[in-house]
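Below: one structure, written as structure tokens.
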Amino acid sequence: MATEKIDLNNLNINSLDKSDWKTYRFDEIAQNISERVDPNDTDLEVYVGLEHLDSESLHIKRHGTPDDVNGTKLRFYKGDIIFGRRRAYQRKAGIATCDGFCSAHALVLRANPDVIDPELFPFFIHSDLFMNRAIDISVGSLSPTINWGTLKHQEFLLPTKDYQNELAKLLQTVDAVLQSAKIYKENLENFYSVYVDNLFSKPNKNWSYKLLNEVANINQEALSSKTGSEYKFSYLDLASIEGPKKLGEMQILKYDQAPSRAKRVVKDNSIIIGLVRPYQQSIVYIEKSENIISSTGTAVIEAKSKIFSRFLFHQFFSSKFLRYCERMMTGTSYPAITSDDLSLYKIAVPKTYKEQEEIANKLDLIELNENKVRKKIYQSFKVQKSLINQVF
């Protein structure tokens, strides 16, 4: 990542002197742009709905087209802020990178350069000061919404103009570090996906292909009905798997308090696959079990002696496996596959255990770098959020 290096640990502006700062109404700080657009009669090509805005992100990464929507929308121009006025607690506000139109459930806001530096304005919008006020003045229960008539009268304390540019540069520097880390993570994830697909989604004449139940044990051990009522364990259910390769917190339960689904015994070096909505890739690797019991909504897979477990683990992230799951899953509200379905999936097996280990080590290295950059993103985001809230 080629970005300007900054010492994130020493950035502290707690000592800001706010004695000469001034208070402004929001309609003095920003304009509400209310130009109307008919999607069926416009030359504009970019549509931004609330679904295209990421929570707590300054940047808009996705958009739709006029064909996606009907009804009157709002025009925006490059540099405007598209702020989701419906469900403001989702903290959705992004900087428009081009001209276009957006959902009428948003506000199109444009900084007044006489009051606030346009470069600082997006950070102000993402401050707790502004967002919490926006939530407080929202009306409605199911879909609380902000009215411009109320928002425009809200008052906020702002830095003096001669200091705003300096603050904007500081916050932009931190944001550049954050965005660079996100791009690096996306590149790593794309590289991993391509690498995995080249290995496992394409036939390899030098490898053999065996059913999963030939190379691994599936749900080999379950808790006995005679288990003592005081037996304590960590319960791994679907809610514990926060995403692909990401295990969250597990409940500590006693056997007599546990749901009936808490059955599957997890051993060291097990692969846990969520059986419900398998396209979400709720798959994690458990290196050290330490009394983990998994739900019957998962499959517990243990590689047999001639299969390197991490080599097996990475195969479940191929598009080939995803397509297999989509073919086999049944149900509408909770589409799922069964452990029997999994047992019939064909696994790639190189001729030697050493080759499996070498491939797995390369994929593990990519995963290790992904985890490192995720930590950097988290750290940079915390710094950015802290700085914004120290300023405002």
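Ligands are numbered from 1 in the order shown, residues from 1 within each chain, and chains are lettered A, B, ... in the order they appear in the structure tokens.
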
**OP:** Excluding Glu358 in chain A and any residue of its chain fewer than 6 positions from it, enumerate the residues within 12 Å of it, using only C-alpha atoms, and give them as a list in words.
**Re:**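 My list of contacting residues is Phe308, Arg310, Phe311, Pro350, Thr352, Asp364 and Leu365 of chain A.
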
**OP:** Within 7 Å of Lys246 in chain A, counting only C-alpha atoms, which residues show up once you throw out same-chain ones fewer than 4 positions away? Write them as a ChimeraX atom specification, please.
**Re:** /A:241-242,284

Go ahead and dump the residues you just picked, all heavy atoms, as a CSV table (one decimal), in the first residue's frame.
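What ended up in again-v1.csv:
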chain,number,residue,atom,x,y,z
A,241,ILE,N,-21.1,-17.6,14.0
A,241,ILE,CA,-20.3,-17.5,12.8
A,241,ILE,C,-20.7,-16.1,12.2
A,241,ILE,O,-21.7,-16.0,11.6
A,241,ILE,CB,-20.5,-18.6,11.8
A,241,ILE,CG1,-20.2,-20.0,12.5
A,241,ILE,CG2,-19.6,-18.5,10.6
A,241,ILE,CD1,-20.4,-21.2,11.7
A,242,GLU,N,-19.8,-15.1,12.3
A,242,GLU,CA,-20.1,-13.8,11.8
A,242,GLU,C,-19.9,-13.6,10.3
A,242,GLU,O,-20.4,-12.6,9.8
A,242,GLU,CB,-19.3,-12.8,12.6
A,242,GLU,CG,-19.6,-12.8,14.1
A,242,GLU,CD,-18.8,-11.8,14.9
A,242,GLU,OE1,-17.8,-11.3,14.3
A,242,GLU,OE2,-19.1,-11.6,16.1
A,284,VAL,N,-16.0,-21.9,9.3
A,284,VAL,CA,-14.8,-21.5,10.1
A,284,VAL,C,-14.0,-22.8,10.4
A,284,VAL,O,-14.4,-23.9,10.3
A,284,VAL,CB,-15.3,-20.9,11.4
A,284,VAL,CG1,-15.9,-19.5,11.2
A,284,VAL,CG2,-16.2,-21.8,12.2

Original post:
Leaving out Ile125 in chain A and any residue of its chain fewer than 4 positions from it, which residues lie within 10 Å of it when counting only C-alpha atoms, given as a PyMOL selection string?
Top reply: chain A and resi 58+81+83+91-94+109+120-121+129-131+134+388+392

Store the residues picked out above in a file with C-alpha atoms, as a PDB file, in the first residue's frame.
ATOM      1  CA  LEU A  58     -17.885   8.604   3.459  1.00  0.00           C
ATOM      2  CA  ILE A  81     -23.477  14.660   0.353  1.00  0.00           C
ATOM      3  CA  PHE A  83     -27.566  11.566   3.522  1.00  0.00           C
ATOM      4  CA  ARG A  91     -25.461   6.536   9.728  1.00  0.00           C
ATOM      5  CA  LYS A  92     -25.506   6.542   5.946  1.00  0.00           C
ATOM      6  CA  ALA A  93     -23.955   9.594   4.271  1.00  0.00           C
ATOM      7  CA  GLY A  94     -21.667   9.464   1.241  1.00  0.00           C
ATOM      8  CA  LEU A 109     -26.703  18.417   1.236  1.00  0.00           C
ATOM      9  CA  LEU A 120     -14.473  19.228   6.292  1.00  0.00           C
ATOM     10  CA  PHE A 121     -18.242  19.037   5.829  1.00  0.00           C
ATOM     11  CA  LEU A 129     -22.781  15.321  17.341  1.00  0.00           C
ATOM     12  CA  PHE A 130     -24.640  15.527  14.026  1.00  0.00           C
ATOM     13  CA  MET A 131     -25.758  11.897  13.751  1.00  0.00           C
ATOM     14  CA  ALA A 134     -30.427  13.572  13.468  1.00  0.00           C
ATOM     15  CA  ILE A 388     -13.991  13.455  14.164  1.00  0.00           C
ATOM     16  CA  PHE A 392     -16.982  18.286  16.800  1.00  0.00           C
TER      17      PHE A 392
END

Subject >> Residue list (strand (DSSP E or B), DSSP) for range 235-306 of chain A, as a PyMOL selection string >> reply: chain A and resi 235-236+241-243+246-247+251-254+262-266+270-274+276+283-286+292-295+298-303

Subject >> All alpha helix (DSSP H) positions in range 8-191 of chain A, as a ChimeraX atom specification >> reply: /A:26-29,121-125,128-137,148-151,161-191

Subject >> Ser193 in chain A surroundings by only C-alpha atoms, 12 Å radius, close-in-sequence under 3 positions cut, as a PyMOL selection string >> reply: chain A and resi 186-190+196-201+314-320+363+366-367

Original post:
Got a sec: who's within 6 Å of Glu302 in chain A, counting only C-alpha atoms, leaving out chain neighbours fewer than 2 positions off, as a list in words?
Top reply: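 Close residues of Glu302 in chain A: Ala216, Asn217 and Ser270 of chain A.
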
**OP:** Rounded to one decimal place, report the CA of Leu158 in chain A-CA of Lys22 in chain A distance in Å.
**Re:** 5.7 Å

Original post:
For Phe26 in chain A, which of A:Ser103, A:Asn112, A:Ser138, A:Ser57 is the closest residue, counting only C-alpha atoms?
Top reply: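 Of all the options, A:Asn112 lies closest to Phe26 in chain A.
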
Original post:
At what distance in Å, to one decimal, does CA of Leu368 in chain A lie from CA of Asn219 in chain A?
Top reply: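 CA of Leu368 in chain A lies at a distance of 28.0 Å from CA of Asn219 in chain A.
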
Neighbours of Val266 in chain A within 12 Å (only C-alpha atoms; same-chain residues fewer than 6 positions away dropped), as a compact mmCIF listing (two decimals) with C-alpha atoms, in the first residue's frame?
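That gives us selection35.txt:
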# COMPACT_ATOMS: atom_id res chain seq x y z
CA ASN A 217 -15.42 -37.76 8.99
CA ILE A 218 -18.68 -35.81 9.16
CA ASN A 219 -20.43 -35.30 12.52
CA GLN A 220 -18.47 -38.19 13.96
CA GLU A 221 -19.28 -37.61 17.61
CA ALA A 222 -22.31 -36.25 19.44
CA LEU A 223 -23.02 -35.49 23.09
CA PHE A 233 -19.11 -26.04 27.04
CA SER A 234 -18.83 -23.26 24.46
CA TYR A 235 -21.85 -23.40 22.18
CA LEU A 236 -21.15 -22.75 18.50
CA ASP A 237 -24.38 -22.01 16.67
CA ILE A 272 -17.50 -26.10 10.76
CA ILE A 273 -19.93 -25.45 7.90
CA VAL A 284 -14.82 -21.54 10.12
CA TYR A 285 -11.76 -23.55 11.10
CA ILE A 286 -11.31 -24.58 14.74
CA GLU A 287 -7.64 -25.17 15.50
CA LYS A 288 -8.12 -25.69 19.25
CA SER A 289 -11.53 -26.90 20.36
CA GLU A 290 -11.41 -26.44 24.14
CA ASN A 291 -14.85 -27.95 24.83
CA ILE A 292 -16.79 -26.60 21.86
CA ILE A 293 -20.16 -28.13 21.03
CA SER A 294 -21.73 -27.19 17.71
CA SER A 295 -25.35 -26.88 16.66
CA THR A 296 -27.08 -29.44 14.47
CA THR A 298 -23.83 -27.04 11.24
CA ALA A 299 -21.69 -29.89 9.98
CA VAL A 300 -18.46 -30.77 11.80
CA ILE A 301 -15.85 -32.06 9.38
CA GLU A 302 -12.57 -33.73 10.40

Subject >> Within 10 Å of Thr150 in chain A using only C-alpha atoms, minus same-chain residues under 2 positions, as a list in words >> reply: Phe26, Ala134, Ile137, Ser138, Ile146, Asn147, Trp148, Lys152, His153 and Gln154 of chain A

Based on the selection just made, write N, CA, C and O atoms of those residues as an mmCIF file, in the first residue's frame.
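Final file, selection.cif:
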data_model
loop_
_atom_site.group_PDB
_atom_site.id
_atom_site.type_symbol
_atom_site.label_atom_id
_atom_site.label_comp_id
_atom_site.auth_asym_id
_atom_site.auth_seq_id
_atom_site.Cartn_x
_atom_site.Cartn_y
_atom_site.Cartn_z
ATOM 1 N N PHE A 26 -28.248 24.798 11.055
ATOM 2 C CA PHE A 26 -27.811 23.886 9.998
ATOM 3 C C PHE A 26 -28.070 24.455 8.612
ATOM 4 O O PHE A 26 -27.316 24.201 7.676
ATOM 5 N N ALA A 134 -29.539 14.019 14.549
ATOM 6 C CA ALA A 134 -30.427 13.572 13.468
ATOM 7 C C ALA A 134 -31.360 12.460 13.952
ATOM 8 O O ALA A 134 -32.554 12.435 13.611
ATOM 9 N N ILE A 137 -34.195 13.894 16.284
ATOM 10 C CA ILE A 137 -35.282 14.674 15.673
ATOM 11 C C ILE A 137 -36.073 13.869 14.641
ATOM 12 O O ILE A 137 -36.998 14.392 14.018
ATOM 13 N N SER A 138 -35.692 12.600 14.434
ATOM 14 C CA SER A 138 -36.436 11.748 13.497
ATOM 15 C C SER A 138 -37.837 11.491 14.038
ATOM 16 O O SER A 138 -38.048 11.379 15.253
ATOM 17 N N ILE A 146 -36.137 12.006 9.074
ATOM 18 C CA ILE A 146 -35.821 13.400 9.393
ATOM 19 C C ILE A 146 -36.539 14.321 8.417
ATOM 20 O O ILE A 146 -36.535 14.081 7.207
ATOM 21 N N ASN A 147 -37.127 15.377 8.940
ATOM 22 C CA ASN A 147 -37.710 16.411 8.092
ATOM 23 C C ASN A 147 -36.757 17.594 8.013
ATOM 24 O O ASN A 147 -36.212 18.038 9.039
ATOM 25 N N TRP A 148 -36.570 18.112 6.806
ATOM 26 C CA TRP A 148 -35.678 19.257 6.632
ATOM 27 C C TRP A 148 -36.160 20.448 7.464
ATOM 28 O O TRP A 148 -35.349 21.187 8.045
ATOM 29 N N LYS A 152 -33.166 21.970 9.730
ATOM 30 C CA LYS A 152 -32.544 23.250 9.369
ATOM 31 C C LYS A 152 -32.417 24.201 10.556
ATOM 32 O O LYS A 152 -31.566 25.099 10.561
ATOM 33 N N HIS A 153 -33.223 23.983 11.588
ATOM 34 C CA HIS A 153 -33.179 24.864 12.753
ATOM 35 C C HIS A 153 -32.181 24.394 13.821
ATOM 36 O O HIS A 153 -31.944 25.122 14.786
ATOM 37 N N GLN A 154 -31.604 23.191 13.641
ATOM 38 C CA GLN A 154 -30.660 22.675 14.633
ATOM 39 C C GLN A 154 -29.372 23.494 14.607
ATOM 40 O O GLN A 154 -28.921 23.928 13.543
#

Original post:
When distances are computed from only C-alpha atoms, which of A:Asn165, A:Thr332, A:Ser180, A:Asn206 shows the smallest separation from Lys376 in chain A?
Top reply: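 Between A:Asn165, A:Thr332, A:Ser180, A:Asn206, the residue approaching Lys376 in chain A most closely is A:Ser180.
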